[in-house]
$ cat run_1.cif   # mmCIF, N, CA and C atoms
data_data
loop_
_atom_site.label_atom_id
_atom_site.label_comp_id
_atom_site.auth_asym_id
_atom_site.auth_seq_id
_atom_site.Cartn_x
_atom_site.Cartn_y
_atom_site.Cartn_z
N MET Z 9 124.69 86.58 132.68
CA MET Z 9 125.74 85.61 132.83
C MET Z 9 126.91 86.02 131.95
N GLU Z 10 128.10 85.92 132.48
CA GLU Z 10 129.32 86.23 131.73
C GLU Z 10 130.10 84.93 131.54
N THR Z 11 130.31 84.53 130.29
CA THR Z 11 131.07 83.33 129.99
C THR Z 11 132.56 83.67 130.03
N LEU Z 12 133.28 83.02 130.95
CA LEU Z 12 134.70 83.27 131.11
C LEU Z 12 135.55 82.30 130.29
N THR Z 13 135.14 81.03 130.27
CA THR Z 13 135.76 80.02 129.42
C THR Z 13 134.64 79.12 128.93
N ASP Z 14 134.95 78.15 128.10
CA ASP Z 14 133.89 77.25 127.61
C ASP Z 14 133.34 76.36 128.73
N ARG Z 15 134.02 76.31 129.90
CA ARG Z 15 133.56 75.48 131.00
C ARG Z 15 133.26 76.27 132.27
N PHE Z 16 133.32 77.61 132.18
CA PHE Z 16 133.13 78.41 133.37
C PHE Z 16 132.39 79.70 133.04
N SER Z 17 131.24 79.91 133.71
CA SER Z 17 130.44 81.13 133.53
C SER Z 17 130.16 81.74 134.90
N LEU Z 18 130.01 83.03 134.92
CA LEU Z 18 129.74 83.77 136.14
C LEU Z 18 128.33 84.33 136.08
N SER Z 19 127.50 83.98 137.07
CA SER Z 19 126.15 84.51 137.15
C SER Z 19 126.22 85.93 137.68
N LEU Z 20 125.60 86.88 136.98
CA LEU Z 20 125.67 88.29 137.35
C LEU Z 20 124.45 88.77 138.13
N ASP Z 21 123.42 87.95 138.25
CA ASP Z 21 122.21 88.29 139.01
C ASP Z 21 121.67 89.67 138.65
N GLY Z 22 121.70 90.02 137.37
CA GLY Z 22 121.15 91.29 136.93
C GLY Z 22 122.11 92.46 136.97
N PHE Z 23 123.31 92.26 137.49
CA PHE Z 23 124.31 93.32 137.53
C PHE Z 23 125.10 93.30 136.23
N SER Z 24 125.72 94.45 135.91
CA SER Z 24 126.56 94.54 134.71
C SER Z 24 127.65 95.56 134.96
N GLY Z 25 128.47 95.79 133.97
CA GLY Z 25 129.51 96.80 134.06
C GLY Z 25 128.94 98.21 134.18
N LYS Z 26 127.66 98.37 133.85
CA LYS Z 26 127.02 99.69 133.93
C LYS Z 26 126.29 99.90 135.26
N THR Z 27 126.31 98.88 136.14
CA THR Z 27 125.67 99.02 137.45
C THR Z 27 126.46 100.02 138.27
N LYS Z 28 125.77 101.00 138.82
CA LYS Z 28 126.41 102.08 139.58
C LYS Z 28 126.82 101.58 140.97
N PRO Z 29 127.82 102.22 141.58
CA PRO Z 29 128.22 101.83 142.94
C PRO Z 29 127.04 101.83 143.91
N SER Z 30 126.18 102.83 143.83
CA SER Z 30 125.03 102.90 144.73
C SER Z 30 124.07 101.73 144.52
N GLU Z 31 123.99 101.22 143.31
CA GLU Z 31 123.12 100.08 143.04
C GLU Z 31 123.69 98.81 143.66
N PHE Z 32 125.01 98.63 143.60
CA PHE Z 32 125.63 97.50 144.29
C PHE Z 32 125.44 97.62 145.79
N LEU Z 33 125.69 98.81 146.33
CA LEU Z 33 125.58 99.02 147.78
C LEU Z 33 124.16 98.90 148.28
N GLY Z 34 123.19 99.30 147.48
CA GLY Z 34 121.79 99.24 147.88
C GLY Z 34 121.12 97.90 147.66
N ALA Z 35 121.83 96.95 147.07
CA ALA Z 35 121.24 95.66 146.72
C ALA Z 35 121.22 94.67 147.88
N GLY Z 36 121.83 95.00 148.99
CA GLY Z 36 121.84 94.08 150.14
C GLY Z 36 122.78 92.91 149.96
N LEU Z 37 123.86 93.10 149.24
CA LEU Z 37 124.83 92.03 149.01
C LEU Z 37 125.70 91.76 150.24
N TRP Z 38 125.89 92.79 151.08
CA TRP Z 38 126.77 92.68 152.24
C TRP Z 38 126.03 93.06 153.50
N ALA Z 39 126.49 92.54 154.62
CA ALA Z 39 125.92 92.90 155.92
C ALA Z 39 126.14 94.39 156.16
N ALA Z 40 125.20 95.00 156.87
CA ALA Z 40 125.31 96.43 157.18
C ALA Z 40 126.64 96.70 157.87
N GLY Z 41 127.32 97.74 157.45
CA GLY Z 41 128.59 98.11 158.05
C GLY Z 41 129.80 97.41 157.46
N GLN Z 42 129.60 96.38 156.63
CA GLN Z 42 130.74 95.66 156.07
C GLN Z 42 131.38 96.41 154.90
N ALA Z 43 130.58 97.06 154.07
CA ALA Z 43 131.11 97.73 152.88
C ALA Z 43 131.58 99.14 153.20
N LYS Z 44 132.73 99.50 152.63
CA LYS Z 44 133.30 100.83 152.74
C LYS Z 44 133.57 101.33 151.32
N VAL Z 45 133.43 102.63 151.13
CA VAL Z 45 133.68 103.23 149.83
C VAL Z 45 134.86 104.18 149.97
N PHE Z 46 135.79 104.08 149.03
CA PHE Z 46 136.96 104.95 148.99
C PHE Z 46 136.98 105.66 147.65
N TYR Z 47 137.27 106.97 147.68
CA TYR Z 47 137.41 107.69 146.42
C TYR Z 47 138.56 108.68 146.54
N ALA Z 48 139.19 108.95 145.40
CA ALA Z 48 140.36 109.82 145.39
C ALA Z 48 140.57 110.36 143.98
N ALA Z 49 141.34 111.44 143.91
CA ALA Z 49 141.73 112.02 142.63
C ALA Z 49 143.15 111.60 142.31
N CYS Z 50 143.39 111.41 141.03
CA CYS Z 50 144.73 111.10 140.54
C CYS Z 50 144.87 111.84 139.21
N GLY Z 51 145.46 113.04 139.26
CA GLY Z 51 145.57 113.84 138.05
C GLY Z 51 144.20 114.25 137.55
N ASP Z 52 143.87 113.84 136.33
CA ASP Z 52 142.57 114.17 135.74
C ASP Z 52 141.52 113.11 136.03
N ASP Z 53 141.88 112.06 136.76
CA ASP Z 53 140.98 110.95 137.01
C ASP Z 53 140.45 110.95 138.44
N ILE Z 54 139.27 110.37 138.60
CA ILE Z 54 138.71 110.11 139.93
C ILE Z 54 138.54 108.61 140.03
N MET Z 55 139.06 108.05 141.10
CA MET Z 55 138.95 106.62 141.35
C MET Z 55 137.93 106.38 142.46
N LEU Z 56 137.17 105.30 142.34
CA LEU Z 56 136.21 104.92 143.37
C LEU Z 56 136.28 103.42 143.54
N ASN Z 57 136.43 102.97 144.78
CA ASN Z 57 136.49 101.54 145.08
C ASN Z 57 135.52 101.22 146.20
N ILE Z 58 134.92 100.05 146.11
CA ILE Z 58 134.13 99.50 147.21
C ILE Z 58 134.91 98.33 147.79
N CYS Z 59 135.12 98.36 149.09
CA CYS Z 59 135.76 97.24 149.80
C CYS Z 59 134.70 96.61 150.69
N ALA Z 60 134.46 95.32 150.51
CA ALA Z 60 133.46 94.61 151.31
C ALA Z 60 133.96 93.20 151.57
N GLY Z 61 134.49 93.00 152.76
CA GLY Z 61 135.01 91.68 153.10
C GLY Z 61 136.15 91.29 152.18
N LEU Z 62 135.98 90.17 151.50
CA LEU Z 62 137.02 89.65 150.61
C LEU Z 62 136.97 90.27 149.21
N ILE Z 63 135.96 91.10 148.96
CA ILE Z 63 135.72 91.65 147.63
C ILE Z 63 136.14 93.10 147.55
N GLN Z 64 136.77 93.48 146.44
CA GLN Z 64 137.06 94.88 146.16
C GLN Z 64 136.63 95.15 144.72
N MET Z 65 135.83 96.20 144.55
CA MET Z 65 135.32 96.58 143.24
C MET Z 65 135.91 97.93 142.87
N HIS Z 66 136.45 98.02 141.64
CA HIS Z 66 137.07 99.25 141.16
C HIS Z 66 136.19 99.85 140.06
N PHE Z 67 135.95 101.15 140.16
CA PHE Z 67 135.13 101.86 139.18
C PHE Z 67 135.93 102.95 138.51
N ASP Z 68 135.69 103.14 137.21
CA ASP Z 68 136.22 104.28 136.47
C ASP Z 68 135.15 105.36 136.48
N VAL Z 69 135.56 106.61 136.60
CA VAL Z 69 134.62 107.73 136.62
C VAL Z 69 134.90 108.63 135.42
N ASP Z 70 133.87 108.88 134.62
CA ASP Z 70 133.99 109.79 133.49
C ASP Z 70 134.04 111.21 134.06
N THR Z 71 135.18 111.88 133.94
CA THR Z 71 135.36 113.20 134.55
C THR Z 71 135.13 114.34 133.57
N ASP Z 72 134.48 114.10 132.45
CA ASP Z 72 134.18 115.17 131.50
C ASP Z 72 133.36 116.29 132.15
N PHE Z 73 132.57 115.98 133.17
CA PHE Z 73 131.70 116.96 133.81
C PHE Z 73 132.48 118.04 134.57
N ILE Z 74 133.76 117.82 134.87
CA ILE Z 74 134.53 118.84 135.58
C ILE Z 74 135.27 119.77 134.62
N GLY Z 75 135.13 119.53 133.33
CA GLY Z 75 135.75 120.39 132.33
C GLY Z 75 137.27 120.36 132.42
N ASP Z 76 137.88 121.54 132.37
CA ASP Z 76 139.34 121.64 132.40
C ASP Z 76 139.90 121.60 133.82
N GLN Z 77 139.03 121.54 134.80
CA GLN Z 77 139.46 121.54 136.20
C GLN Z 77 140.17 120.24 136.57
N ASP Z 78 141.21 120.34 137.36
CA ASP Z 78 141.92 119.18 137.88
C ASP Z 78 140.98 118.41 138.82
N ALA Z 79 141.01 117.08 138.78
CA ALA Z 79 140.12 116.26 139.61
C ALA Z 79 140.34 116.52 141.10
N GLU Z 80 141.58 116.69 141.52
CA GLU Z 80 141.85 116.95 142.93
C GLU Z 80 141.28 118.30 143.35
N ALA Z 81 141.40 119.30 142.50
CA ALA Z 81 140.82 120.62 142.78
C ALA Z 81 139.30 120.53 142.86
N TYR Z 82 138.71 119.74 141.96
CA TYR Z 82 137.25 119.56 141.98
C TYR Z 82 136.80 118.94 143.30
N LEU Z 83 137.45 117.85 143.72
CA LEU Z 83 137.06 117.19 144.96
C LEU Z 83 137.26 118.10 146.18
N SER Z 84 138.32 118.89 146.15
CA SER Z 84 138.59 119.80 147.26
C SER Z 84 137.56 120.92 147.33
N ALA Z 85 137.11 121.41 146.18
CA ALA Z 85 136.18 122.55 146.14
C ALA Z 85 134.71 122.13 146.28
N SER Z 86 134.41 120.85 146.09
CA SER Z 86 133.02 120.38 146.11
C SER Z 86 132.68 119.77 147.46
N SER Z 87 131.42 119.91 147.83
CA SER Z 87 130.95 119.23 149.04
C SER Z 87 130.84 117.74 148.73
N PRO Z 88 130.97 116.88 149.75
CA PRO Z 88 130.81 115.43 149.48
C PRO Z 88 129.47 115.10 148.84
N SER Z 89 128.39 115.78 149.24
CA SER Z 89 127.09 115.46 148.65
C SER Z 89 127.05 115.80 147.17
N GLN Z 90 127.69 116.89 146.77
CA GLN Z 90 127.73 117.25 145.36
C GLN Z 90 128.63 116.30 144.58
N SER Z 91 129.82 116.04 145.08
CA SER Z 91 130.76 115.21 144.33
C SER Z 91 130.30 113.76 144.24
N ILE Z 92 129.77 113.19 145.31
CA ILE Z 92 129.33 111.79 145.27
C ILE Z 92 128.16 111.61 144.32
N ALA Z 93 127.22 112.53 144.31
CA ALA Z 93 126.10 112.42 143.37
C ALA Z 93 126.60 112.46 141.92
N GLU Z 94 127.56 113.33 141.65
CA GLU Z 94 128.13 113.42 140.29
C GLU Z 94 128.94 112.18 139.95
N ILE Z 95 129.76 111.72 140.89
CA ILE Z 95 130.61 110.56 140.66
C ILE Z 95 129.78 109.30 140.45
N ASP Z 96 128.79 109.08 141.31
CA ASP Z 96 127.98 107.85 141.23
C ASP Z 96 127.29 107.72 139.88
N SER Z 97 126.77 108.82 139.36
CA SER Z 97 126.04 108.75 138.09
C SER Z 97 126.95 108.52 136.90
N ARG Z 98 128.27 108.70 137.09
CA ARG Z 98 129.22 108.55 135.99
C ARG Z 98 130.20 107.39 136.17
N ALA Z 99 130.04 106.62 137.21
CA ALA Z 99 130.96 105.51 137.50
C ALA Z 99 130.58 104.26 136.72
N VAL Z 100 131.59 103.61 136.17
CA VAL Z 100 131.41 102.37 135.41
C VAL Z 100 132.34 101.32 136.03
N LEU Z 101 131.81 100.14 136.27
CA LEU Z 101 132.61 99.08 136.86
C LEU Z 101 133.78 98.70 135.97
N ASP Z 102 134.96 98.71 136.55
CA ASP Z 102 136.18 98.36 135.81
C ASP Z 102 136.61 96.93 136.12
N SER Z 103 136.67 96.58 137.41
CA SER Z 103 137.13 95.25 137.78
C SER Z 103 136.66 94.88 139.18
N ILE Z 104 136.64 93.57 139.43
CA ILE Z 104 136.28 93.03 140.74
C ILE Z 104 137.39 92.06 141.13
N TYR Z 105 137.87 92.22 142.36
CA TYR Z 105 138.92 91.35 142.88
C TYR Z 105 138.42 90.65 144.13
N SER Z 106 138.89 89.43 144.33
CA SER Z 106 138.62 88.68 145.55
C SER Z 106 139.96 88.38 146.21
N TYR Z 107 140.04 88.65 147.51
CA TYR Z 107 141.29 88.48 148.25
C TYR Z 107 141.14 87.39 149.31
N PRO Z 108 142.24 86.77 149.74
CA PRO Z 108 142.16 85.73 150.77
C PRO Z 108 141.85 86.30 152.16
N ASN Z 109 142.11 87.60 152.36
CA ASN Z 109 141.83 88.27 153.62
C ASN Z 109 140.98 89.51 153.35
N PRO Z 110 140.12 89.90 154.29
CA PRO Z 110 139.28 91.09 154.07
C PRO Z 110 140.11 92.34 153.77
N LYS Z 111 139.61 93.14 152.85
CA LYS Z 111 140.23 94.42 152.50
C LYS Z 111 139.39 95.52 153.13
N ALA Z 112 139.88 96.11 154.20
CA ALA Z 112 139.12 97.12 154.91
C ALA Z 112 139.56 98.53 154.58
N GLU Z 113 140.69 98.69 153.88
CA GLU Z 113 141.15 100.03 153.55
C GLU Z 113 142.02 100.00 152.30
N GLU Z 114 142.21 101.18 151.75
CA GLU Z 114 143.05 101.32 150.57
C GLU Z 114 144.51 101.44 151.01
N VAL Z 115 145.41 101.37 150.05
CA VAL Z 115 146.83 101.50 150.35
C VAL Z 115 147.08 102.90 150.88
N PRO Z 116 147.50 103.03 152.14
CA PRO Z 116 147.71 104.38 152.69
C PRO Z 116 148.86 105.09 152.01
N GLY Z 117 148.68 106.38 151.80
CA GLY Z 117 149.74 107.20 151.23
C GLY Z 117 149.81 107.18 149.71
N ALA Z 118 149.20 106.20 149.06
CA ALA Z 118 149.26 106.14 147.60
C ALA Z 118 148.50 107.31 146.99
N PHE Z 119 147.36 107.63 147.52
CA PHE Z 119 146.52 108.76 147.11
C PHE Z 119 145.87 109.31 148.36
N ASN Z 120 145.24 110.44 148.24
CA ASN Z 120 144.53 111.03 149.36
C ASN Z 120 143.10 110.45 149.41
N TRP Z 121 142.99 109.18 149.81
CA TRP Z 121 141.71 108.48 149.81
C TRP Z 121 140.76 109.11 150.81
N LYS Z 122 139.51 109.26 150.39
CA LYS Z 122 138.43 109.68 151.28
C LYS Z 122 137.58 108.44 151.51
N ARG Z 123 137.18 108.20 152.75
CA ARG Z 123 136.45 106.98 153.10
C ARG Z 123 135.04 107.33 153.55
N LEU Z 124 134.08 106.53 153.08
CA LEU Z 124 132.68 106.65 153.48
C LEU Z 124 132.13 105.28 153.82
N SER Z 125 131.21 105.22 154.75
CA SER Z 125 130.48 103.97 154.97
C SER Z 125 129.51 103.81 153.81
N ALA Z 126 129.06 102.59 153.58
CA ALA Z 126 128.10 102.33 152.50
C ALA Z 126 126.82 103.13 152.71
N SER Z 127 126.32 103.18 153.95
CA SER Z 127 125.07 103.91 154.21
C SER Z 127 125.24 105.41 153.97
N HIS Z 128 126.39 105.99 154.35
CA HIS Z 128 126.63 107.40 154.10
C HIS Z 128 126.75 107.67 152.60
N TYR Z 129 127.43 106.79 151.88
CA TYR Z 129 127.54 106.93 150.42
C TYR Z 129 126.15 106.93 149.78
N LEU Z 130 125.29 106.02 150.21
CA LEU Z 130 123.95 105.94 149.64
C LEU Z 130 123.16 107.21 149.87
N VAL Z 131 123.28 107.79 151.04
CA VAL Z 131 122.59 109.05 151.33
C VAL Z 131 123.13 110.15 150.42
N LEU Z 132 124.46 110.24 150.30
CA LEU Z 132 125.06 111.27 149.46
C LEU Z 132 124.74 111.08 147.98
N ALA Z 133 124.62 109.84 147.55
CA ALA Z 133 124.30 109.55 146.15
C ALA Z 133 122.79 109.66 145.91
N ASP Z 134 122.05 110.03 146.97
CA ASP Z 134 120.60 110.16 146.92
C ASP Z 134 119.91 108.83 146.71
N ARG Z 135 120.51 107.80 147.29
CA ARG Z 135 119.93 106.45 147.28
C ARG Z 135 119.80 106.06 148.74
N ARG Z 136 118.63 105.78 149.17
CA ARG Z 136 118.40 105.49 150.58
C ARG Z 136 118.78 104.06 150.92
N GLN Z 137 119.07 103.84 152.20
CA GLN Z 137 119.37 102.50 152.73
C GLN Z 137 118.17 101.60 152.47
N THR Z 138 118.40 100.39 152.02
CA THR Z 138 117.32 99.46 151.76
C THR Z 138 117.05 98.60 152.98
N PRO Z 139 115.82 98.07 153.15
CA PRO Z 139 115.55 97.18 154.27
C PRO Z 139 116.50 95.98 154.29
N ALA Z 140 116.87 95.45 153.10
CA ALA Z 140 117.79 94.31 153.06
C ALA Z 140 119.15 94.71 153.62
N ASN Z 141 119.62 95.91 153.33
CA ASN Z 141 120.91 96.38 153.84
C ASN Z 141 120.86 96.62 155.34
N GLU Z 142 119.73 97.11 155.84
CA GLU Z 142 119.61 97.38 157.27
C GLU Z 142 119.68 96.09 158.08
N LYS Z 143 119.11 95.01 157.54
CA LYS Z 143 119.07 93.72 158.25
C LYS Z 143 120.34 92.91 158.03
N GLY Z 144 121.00 93.12 156.90
CA GLY Z 144 122.19 92.34 156.57
C GLY Z 144 122.12 91.87 155.12
N ALA Z 145 123.09 91.13 154.74
CA ALA Z 145 123.21 90.69 153.35
C ALA Z 145 122.19 89.63 153.00
N ARG Z 146 121.78 89.61 151.74
CA ARG Z 146 120.86 88.57 151.28
C ARG Z 146 121.60 87.27 151.04
N ARG Z 147 122.87 87.39 150.66
CA ARG Z 147 123.76 86.25 150.49
C ARG Z 147 125.14 86.81 150.18
N PRO Z 148 126.18 86.05 150.41
CA PRO Z 148 127.52 86.58 150.15
C PRO Z 148 127.76 86.78 148.66
N LEU Z 149 128.56 87.78 148.34
CA LEU Z 149 128.97 88.01 146.95
C LEU Z 149 130.32 87.38 146.75
#

$ encode --input "run_1.cif" --output "structure tokens"
Amino acid sequence: METLTDRFSLSLDGFSGKTKPSEFLGAGLWAAGQAKVFYAACGDDIMLNICAGLIQMHFDVDTDFIGDQDAEAYLSASSPSQSIAEIDSRAVLDSIYSYPNPKAEEVPGAFNWKRLSASHYLVLADRRQTPANEKGARRPL
């Protein structure tokens, strides 16, 4: 539980800022096909976002593993299976936003966003689709 004010707390249901994107996607929070994953390079940084209905989750990625290499060069030179496995293990939740309308895509043109379905991301991150995800969400997030 995260206390936001003295009169308002948020139940985290076992999730934390250290929960990996694949753990959120594999938890069955959203109906199959609803969640999309976007990732992109921006200078030395790699950004990763999950868009699922009204929710958008932003993750910071520790890019120390690419050394002196530019993040965009790393993503271009790496296969999706290699980069997603590396990114997922180093991603830390930065923020969660809720919007009045579903967010199905990132701002076009802002970065060279790469898009994956939640199920494809889980395979690349070496996390298999869960029975809860195959059937649909356990409850809305």

$ closest_residue --input "run_1.cif" --among "Z:Thr13, Z:Ser106, Z:Thr27, Z:Gln42" --to "Z:Leu124" --atoms "only C-alpha atoms"
Z:Gln42

$ closest_residue --input "run_1.cif" --among "Z:Phe73, Z:Phe16, Z:Phe67, Z:Tyr107" --to "Z:Ser30" --atoms "only C-alpha atoms"
Z:Phe67

$ atom_distance --input "run_1.cif" --atom1 "atom C of Z:Phe46" --atom2 "atom C of Z:Gly25"
17.4 Å

$ residues_near_point --input "run_1.cif" --point "(136.4, 112.4, 135.7)" --cutoff "5 Å" --atoms "all atoms listed in the file" --output "number ranges by chain"
Z: 53-54, 69-72

$ closest_residue --input "run_1.cif" --among "Z:Ala43, Z:Ile74, Z:Ala60, Z:Leu37" --to "Z:Ser127" --atoms "only N, CA and C atoms"
Z:Ala43

$ atom_distance --input "run_1.cif" --atom1 "atom CA of Z:Phe32" --atom2 "atom CA of Z:Ile95"
14.4 Å

$ residues_around --input "run_1.cif" --residues "Z:Pro29" --least-positions-apart "5" --cutoff "6 Å" --atoms "all atoms listed in the file" --output "PyMOL selection string"
chain Z and resi 34+96+99

$ write_last_selection --input "run_1.cif" --atoms "N, CA and C atoms" --output "compact mmCIF listing (two decimals), in the coordinates of the input"
# COMPACT_ATOMS: atom_id res chain seq x y z
N GLY Z 34 123.19 99.30 147.48
CA GLY Z 34 121.79 99.24 147.88
C GLY Z 34 121.12 97.90 147.66
N ASP Z 96 128.79 109.08 141.31
CA ASP Z 96 127.98 107.85 141.23
C ASP Z 96 127.29 107.72 139.88
N ALA Z 99 130.04 106.62 137.21
CA ALA Z 99 130.96 105.51 137.50
C ALA Z 99 130.58 104.26 136.72

$ residues_around --input "run_1.cif" --residues "Z:Ile104" --least-positions-apart "6" --cutoff "6.5 Å" --atoms "only N, CA and C atoms" --output "NGL selection string"
:Z and (64-66)

$ select_by_dssp --input "run_1.cif" --residues "stretch 22-106 of chain Z" --states "alpha helix (DSSP H)" --output "VMD selection string"
chain Z and resid 29 to 34 79 to 85 88 to 98

$ closest_residue --input "run_1.cif" --among "Z:Asp52, Z:Asp68, Z:Asp76, Z:Glu31" --to "Z:Ser103" --atoms "only N, CA and C atoms"
Z:Asp68

$ closest_residue --input "run_1.cif" --among "Z:Val45, Z:Ala93, Z:Cys50, Z:Leu62" --to "Z:Pro108" --atoms "all atoms listed in the file"
Z:Leu62

$ atom_distance --input "run_1.cif" --atom1 "atom CA of Z:Ser91" --atom2 "atom N of Z:Gly22"
27.7 Å

$ build_atoms --input "run_1.cif" --residues "stretch 68-76 of chain Z" --atoms "all heavy atoms" --output "PDB file, in the frame of the given file"
ATOM      1  N   ASP Z  68     135.690 103.140 137.210  1.00  0.00           N
ATOM      2  CA  ASP Z  68     136.220 104.280 136.470  1.00  0.00           C
ATOM      3  C   ASP Z  68     135.150 105.360 136.480  1.00  0.00           C
ATOM      4  O   ASP Z  68     133.946 105.053 136.378  1.00  0.00           O
ATOM      5  CB  ASP Z  68     136.505 103.906 135.007  1.00  0.00           C
ATOM      6  CG  ASP Z  68     137.724 103.027 134.858  1.00  0.00           C
ATOM      7  OD1 ASP Z  68     138.658 103.135 135.688  1.00  0.00           O
ATOM      8  OD2 ASP Z  68     137.744 102.227 133.906  1.00  0.00           O
ATOM      9  N   VAL Z  69     135.560 106.610 136.600  1.00  0.00           N
ATOM     10  CA  VAL Z  69     134.620 107.730 136.620  1.00  0.00           C
ATOM     11  C   VAL Z  69     134.900 108.630 135.420  1.00  0.00           C
ATOM     12  O   VAL Z  69     136.035 109.074 135.234  1.00  0.00           O
ATOM     13  CB  VAL Z  69     134.732 108.527 137.937  1.00  0.00           C
ATOM     14  CG1 VAL Z  69     133.771 109.716 137.930  1.00  0.00           C
ATOM     15  CG2 VAL Z  69     134.470 107.632 139.138  1.00  0.00           C
ATOM     16  N   ASP Z  70     133.870 108.880 134.620  1.00  0.00           N
ATOM     17  CA  ASP Z  70     133.990 109.790 133.490  1.00  0.00           C
ATOM     18  C   ASP Z  70     134.040 111.210 134.060  1.00  0.00           C
ATOM     19  O   ASP Z  70     133.057 111.705 134.612  1.00  0.00           O
ATOM     20  CB  ASP Z  70     132.796 109.622 132.555  1.00  0.00           C
ATOM     21  CG  ASP Z  70     132.832 110.560 131.364  1.00  0.00           C
ATOM     22  OD1 ASP Z  70     133.782 111.366 131.246  1.00  0.00           O
ATOM     23  OD2 ASP Z  70     131.900 110.494 130.547  1.00  0.00           O
ATOM     24  N   THR Z  71     135.180 111.880 133.940  1.00  0.00           N
ATOM     25  CA  THR Z  71     135.360 113.200 134.550  1.00  0.00           C
ATOM     26  C   THR Z  71     135.130 114.340 133.570  1.00  0.00           C
ATOM     27  O   THR Z  71     135.517 115.487 133.852  1.00  0.00           O
ATOM     28  CB  THR Z  71     136.772 113.319 135.165  1.00  0.00           C
ATOM     29  OG1 THR Z  71     137.739 113.032 134.152  1.00  0.00           O
ATOM     30  CG2 THR Z  71     136.947 112.385 136.341  1.00  0.00           C
ATOM     31  N   ASP Z  72     134.480 114.100 132.450  1.00  0.00           N
ATOM     32  CA  ASP Z  72     134.180 115.170 131.500  1.00  0.00           C
ATOM     33  C   ASP Z  72     133.360 116.290 132.150  1.00  0.00           C
ATOM     34  O   ASP Z  72     133.458 117.445 131.746  1.00  0.00           O
ATOM     35  CB  ASP Z  72     133.420 114.639 130.283  1.00  0.00           C
ATOM     36  CG  ASP Z  72     134.306 113.824 129.359  1.00  0.00           C
ATOM     37  OD1 ASP Z  72     135.550 113.890 129.507  1.00  0.00           O
ATOM     38  OD2 ASP Z  72     133.755 113.110 128.493  1.00  0.00           O
ATOM     39  N   PHE Z  73     132.570 115.980 133.170  1.00  0.00           N
ATOM     40  CA  PHE Z  73     131.700 116.960 133.810  1.00  0.00           C
ATOM     41  C   PHE Z  73     132.480 118.040 134.570  1.00  0.00           C
ATOM     42  O   PHE Z  73     131.927 119.108 134.859  1.00  0.00           O
ATOM     43  CB  PHE Z  73     130.703 116.282 134.748  1.00  0.00           C
ATOM     44  CG  PHE Z  73     131.310 115.721 136.012  1.00  0.00           C
ATOM     45  CD1 PHE Z  73     131.234 116.427 137.213  1.00  0.00           C
ATOM     46  CD2 PHE Z  73     131.951 114.486 136.019  1.00  0.00           C
ATOM     47  CE1 PHE Z  73     131.784 115.916 138.373  1.00  0.00           C
ATOM     48  CE2 PHE Z  73     132.501 113.972 137.168  1.00  0.00           C
ATOM     49  CZ  PHE Z  73     132.417 114.690 138.354  1.00  0.00           C
ATOM     50  N   ILE Z  74     133.760 117.820 134.870  1.00  0.00           N
ATOM     51  CA  ILE Z  74     134.530 118.840 135.580  1.00  0.00           C
ATOM     52  C   ILE Z  74     135.270 119.770 134.620  1.00  0.00           C
ATOM     53  O   ILE Z  74     135.944 120.700 135.055  1.00  0.00           O
ATOM     54  CB  ILE Z  74     135.502 118.240 136.623  1.00  0.00           C
ATOM     55  CG1 ILE Z  74     136.592 117.389 135.964  1.00  0.00           C
ATOM     56  CG2 ILE Z  74     134.754 117.456 137.672  1.00  0.00           C
ATOM     57  CD1 ILE Z  74     137.664 116.902 136.936  1.00  0.00           C
ATOM     58  N   GLY Z  75     135.130 119.530 133.330  1.00  0.00           N
ATOM     59  CA  GLY Z  75     135.750 120.390 132.330  1.00  0.00           C
ATOM     60  C   GLY Z  75     137.270 120.360 132.420  1.00  0.00           C
ATOM     61  O   GLY Z  75     137.868 119.305 132.564  1.00  0.00           O
ATOM     62  N   ASP Z  76     137.880 121.540 132.370  1.00  0.00           N
ATOM     63  CA  ASP Z  76     139.340 121.640 132.400  1.00  0.00           C
ATOM     64  C   ASP Z  76     139.900 121.600 133.820  1.00  0.00           C
ATOM     65  O   ASP Z  76     141.111 121.640 134.005  1.00  0.00           O
ATOM     66  CB  ASP Z  76     139.795 122.950 131.736  1.00  0.00           C
ATOM     67  CG  ASP Z  76     139.510 122.950 130.244  1.00  0.00           C
ATOM     68  OD1 ASP Z  76     139.381 121.850 129.671  1.00  0.00           O
ATOM     69  OD2 ASP Z  76     139.401 124.041 129.660  1.00  0.00           O
TER      70      ASP Z  76
END
